[in-house]
file query02.cif (mmCIF, C-alpha atoms)
data_target
#
loop_
_atom_site.label_atom_id
_atom_site.label_comp_id
_atom_site.auth_asym_id
_atom_site.auth_seq_id
_atom_site.Cartn_x
_atom_site.Cartn_y
_atom_site.Cartn_z
CA MET A 172 43.80 -32.67 5.70
CA SER A 173 44.23 -34.08 9.21
CA ASP A 174 43.93 -37.73 10.16
CA PRO A 175 40.54 -38.16 11.93
CA ALA A 176 42.18 -40.58 14.37
CA ILE A 177 44.45 -37.79 15.70
CA ASP A 178 42.65 -35.48 18.10
CA PRO A 179 44.19 -31.97 17.95
CA ALA A 180 44.08 -31.57 21.75
CA SER A 181 45.89 -34.90 22.23
CA TYR A 182 48.40 -33.96 19.56
CA ARG A 183 49.28 -30.71 21.38
CA GLN A 184 49.38 -32.44 24.76
CA VAL A 185 51.71 -35.23 23.64
CA LEU A 186 54.05 -33.00 21.62
CA GLY A 187 54.07 -30.48 24.46
CA HIS A 188 56.23 -32.97 26.33
CA PHE A 189 59.10 -32.10 24.02
CA PRO A 190 60.76 -28.88 25.28
CA THR A 191 61.66 -26.23 22.74
CA GLY A 192 63.85 -23.18 22.90
CA VAL A 193 62.25 -19.87 22.07
CA THR A 194 63.48 -17.50 19.38
CA VAL A 195 62.30 -14.30 17.79
CA ILE A 196 62.79 -14.05 14.03
CA THR A 197 63.19 -10.41 12.94
CA ALA A 198 63.51 -8.63 9.62
CA GLU A 199 63.78 -5.15 8.21
CA GLY A 200 61.80 -4.64 5.03
CA ASP A 201 59.85 -2.10 3.03
CA GLY A 202 57.16 -2.07 5.72
CA GLY A 203 59.72 -1.46 8.49
CA ARG A 204 60.71 -3.76 11.35
CA VAL A 205 58.85 -7.01 11.87
CA GLY A 206 59.22 -9.92 14.28
CA LEU A 207 57.74 -13.30 15.06
CA ALA A 208 58.11 -15.61 18.11
CA VAL A 209 59.14 -19.11 17.02
CA GLY A 210 59.71 -22.30 19.01
CA SER A 211 60.54 -24.45 15.99
CA PHE A 212 64.08 -23.25 15.24
CA PHE A 213 66.67 -25.87 14.24
CA SER A 214 70.07 -26.47 12.70
CA VAL A 215 69.92 -27.90 9.18
CA SER A 216 73.45 -28.12 7.77
CA LEU A 217 77.03 -27.28 8.65
CA ASP A 218 78.26 -27.14 5.04
CA PRO A 219 76.74 -24.92 3.81
CA PRO A 220 75.67 -23.35 7.11
CA LEU A 221 71.86 -23.54 7.11
CA VAL A 222 69.23 -23.14 9.82
CA GLY A 223 65.48 -23.49 9.74
CA PHE A 224 62.24 -22.60 11.44
CA CYS A 225 58.55 -23.15 10.87
CA ALA A 226 56.10 -20.28 10.35
CA GLY A 227 52.32 -20.65 10.41
CA HIS A 228 50.32 -19.70 7.35
CA GLN A 229 48.00 -17.64 9.58
CA SER A 230 50.85 -15.38 10.73
CA SER A 231 50.64 -11.74 9.66
CA SER A 232 54.38 -11.25 10.33
CA TRP A 233 55.74 -14.18 8.31
CA PRO A 234 54.78 -12.78 4.86
CA ARG A 235 56.68 -9.57 5.68
CA ILE A 236 59.76 -11.53 6.83
CA ARG A 237 59.58 -13.64 3.67
CA ALA A 238 59.33 -10.53 1.49
CA ALA A 239 62.39 -9.02 3.19
CA GLY A 240 64.42 -12.08 2.12
CA ARG A 241 66.77 -11.74 5.11
CA PHE A 242 66.24 -12.30 8.80
CA CYS A 243 67.92 -12.55 12.18
CA VAL A 244 67.21 -15.34 14.66
CA ASN A 245 67.34 -14.05 18.25
CA VAL A 246 67.74 -16.84 20.85
CA LEU A 247 65.87 -15.63 23.94
CA ALA A 248 67.27 -15.86 27.46
CA ALA A 249 65.29 -17.26 30.40
CA ASP A 250 64.45 -13.74 31.64
CA GLN A 251 62.98 -12.65 28.27
CA GLU A 252 59.53 -14.23 28.55
CA HIS A 253 58.05 -10.74 28.20
CA VAL A 254 59.81 -10.37 24.82
CA CYS A 255 58.36 -13.68 23.64
CA ARG A 256 54.86 -12.66 24.68
CA VAL A 257 55.08 -9.38 22.74
CA PHE A 258 56.31 -11.08 19.56
CA ALA A 259 53.72 -13.85 19.87
CA GLY A 260 50.98 -11.20 19.92
CA LYS A 261 49.48 -8.78 17.43
CA SER A 262 50.91 -5.46 18.67
CA ASP A 263 51.32 -2.72 16.07
CA ASP A 264 54.84 -1.92 17.30
CA LYS A 265 56.44 -4.98 18.85
CA PHE A 266 59.76 -3.13 19.14
CA ALA A 267 58.47 -0.28 21.35
CA GLY A 268 60.71 0.05 24.41
CA LEU A 269 62.93 -2.83 23.27
CA GLY A 270 66.69 -2.44 22.88
CA TYR A 271 68.11 -3.64 19.57
CA ASP A 272 70.62 -2.86 16.85
CA ALA A 273 71.04 -3.97 13.23
CA ALA A 274 72.45 -7.40 12.39
CA PRO A 275 75.53 -7.04 10.15
CA HIS A 276 74.29 -8.89 7.03
CA SER A 277 70.51 -8.60 7.04
CA GLY A 278 70.09 -5.29 8.85
CA ALA A 279 67.34 -7.04 10.82
CA PRO A 280 66.90 -6.10 14.46
CA ARG A 281 69.21 -7.93 16.89
CA ILE A 282 67.42 -7.86 20.20
CA ALA A 283 69.44 -6.75 23.22
CA ASP A 284 70.38 -9.27 25.92
CA VAL A 285 69.61 -12.42 23.89
CA LEU A 286 71.79 -15.50 24.36
CA ALA A 287 72.81 -15.64 20.70
CA TRP A 288 71.87 -14.41 17.26
CA VAL A 289 72.08 -15.88 13.76
CA ASP A 290 72.01 -13.55 10.74
CA CYS A 291 70.55 -15.20 7.61
CA GLU A 292 69.45 -14.88 4.02
CA LEU A 293 66.33 -16.75 2.95
CA GLU A 294 67.40 -19.88 1.04
CA VAL A 295 64.18 -21.81 0.41
CA VAL A 296 60.64 -22.23 1.74
CA HIS A 297 58.70 -25.52 1.69
CA ALA A 298 54.95 -25.67 2.34
CA ALA A 299 54.05 -28.30 4.95
CA GLY A 300 50.46 -28.54 6.17
CA ASP A 301 49.42 -25.29 7.83
CA HIS A 302 53.05 -24.09 8.12
CA ASP A 303 56.01 -23.21 5.94
CA ILE A 304 59.41 -24.77 6.61
CA VAL A 305 61.88 -21.91 6.16
CA ILE A 306 65.56 -22.53 5.47
CA GLY A 307 68.07 -19.71 5.84
CA ARG A 308 71.74 -19.49 4.86
CA VAL A 309 73.81 -18.26 7.80
CA HIS A 310 76.03 -15.25 7.06
CA ASP A 311 77.04 -14.31 10.61
CA LEU A 312 76.34 -15.45 14.16
CA ALA A 313 77.52 -14.98 17.71
CA VAL A 314 76.98 -15.99 21.32
CA VAL A 315 76.16 -12.92 23.40
CA ASP A 316 75.61 -14.49 26.83
CA GLU A 317 76.27 -17.95 28.30
CA GLY A 318 73.09 -17.80 30.40
CA THR A 319 70.12 -20.15 30.27
CA PRO A 320 67.55 -20.20 27.46
CA LEU A 321 63.85 -19.45 27.52
CA VAL A 322 62.16 -22.84 27.12
CA PHE A 323 58.57 -23.74 26.29
CA PHE A 324 57.35 -27.00 27.83
CA ARG A 325 53.86 -28.48 28.43
CA GLY A 326 52.08 -25.30 27.41
CA GLY A 327 54.15 -22.91 29.49
CA TYR A 328 57.62 -21.56 30.15
CA ALA A 329 60.12 -23.70 32.02
CA GLU A 330 63.61 -23.33 33.47
CA VAL A 331 66.61 -25.35 32.43
CA ALA A 332 68.58 -26.81 35.33
CA ARG A 333 72.34 -26.89 34.81
#

call {"tool": "encode", "arguments": {"input": "query02.cif", "output": "structure tokens"}}
result
Amino acid sequence: MSDPAIDPASYRQVLGHFPTGVTVITAEGDGGRVGLAVGSFFSVSLDPPLVGFCAGHQSSSWPRIRAAGRFCVNVLAADQEHVCRVFAGKSDDKFAGLGYDAAPHSGAPRIADVLAWVDCELEVVHAAGDHDIVIGRVHDLAVVDEGTPLVFFRGGYAEVAR
């Protein structure tokens, strides 16, 4: 239940002042390939190597990723806004026309031309409000390109100045 003193529009406006990188979480399961755009990706632990992200309970993709038990985090580059928009939507085939191969541990799609990828096994899920906090154990990872990331800031996409 939300605090009546916190207006949802104000909440979004204030927290929108914190820039976030944009990732696409992918999996390969019984139902085929699935993917979800996520701006709440974070490092959890170095030993053991753990990462996390938050997935909304209303998502139709998250239950399929959870069922797969393995996933790949694809860190989007600044020129991949179009990829983010596809994976944030409800398309039947989000992978149509998209280059990808299989991540070495999970078999999940690794999207072409991303900055980096992190191949994981689902470790634990914690319910938190209208989202789940997902923790994954890292099995493999790599930097693909030293370019700039796709960033979400104040309700839109922004560029990172170097």

call {"tool": "resolve_selection", "arguments": {"input": "query02.cif", "expression": "the PyMOL selection byres ((chain A and resi 251-266) around 7)", "output": "MDAnalysis selection string"}}
result
chainID A and resid 206:208 247:250 267:269 321

call {"tool": "residues_around", "arguments": {"input": "query02.cif", "residues": "range 276-283 of chain A", "least_positions_apart": "5", "cutoff": "10 Å", "atoms": "all atoms listed in the file", "output": "count of residues only"}}
result
35

call {"tool": "closest_residue", "arguments": {"input": "query02.cif", "among": "A:Arg235, A:Arg183, A:Ala274, A:Leu286", "to": "Val314 in chain A", "atoms": "only C-alpha atoms"}}
result
A:Leu286

call {"tool": "atom_distance", "arguments": {"input": "query02.cif", "atom1": "CA of Val285 in chain A", "atom2": "CA of His297 in chain A"}}
result
28.0 Å

call {"tool": "residues_around", "arguments": {"input": "query02.cif", "residues": "Phe189 in chain A", "least_positions_apart": "3", "cutoff": "12 Å", "atoms": "all atoms listed in the file", "output": "number ranges by chain"}}
result
A: 182-186, 192, 210-211, 322-327, 329

call {"tool": "axis_aligned_box", "arguments": {"input": "query02.cif", "around": "range 235-248 of chain A", "padding_each_side": "3 Å", "output": "lines of an AutoDock Vina configuration file"}}
result
center_x = 62.3
center_y = -12.9
center_z = 14.5
size_x = 17.2
size_y = 13.8
size_z = 32.0

call {"tool": "residues_near_point", "arguments": {"input": "query02.cif", "point": "(54.3, -19.2, 4.3)", "cutoff": "8 Å", "atoms": "all atoms listed in the file", "output": "ChimeraX atom specification"}}
result
/A:226-228,233-234,237,296,298,302-304

call {"tool": "closest_residue", "arguments": {"input": "query02.cif", "among": "A:Ile177, A:Pro320, A:Gln229, A:Val193", "to": "Phe212 in chain A", "atoms": "all atoms listed in the file"}}
result
A:Val193

call {"tool": "atom_distance", "arguments": {"input": "query02.cif", "atom1": "CA of Thr191 in chain A", "atom2": "CA of Pro275 in chain A"}}
result
26.8 Å

call {"tool": "resolve_selection", "arguments": {"input": "query02.cif", "expression": "the PyMOL selection byres ((chain A and resi 223) around 8)", "output": "ChimeraX atom specification"}}
result
/A:212-215,221-222,224-225,304-307

call {"tool": "atom_distance", "arguments": {"input": "query02.cif", "atom1": "CA of Ser231 in chain A", "atom2": "CA of His188 in chain A"}}
result
27.6 Å
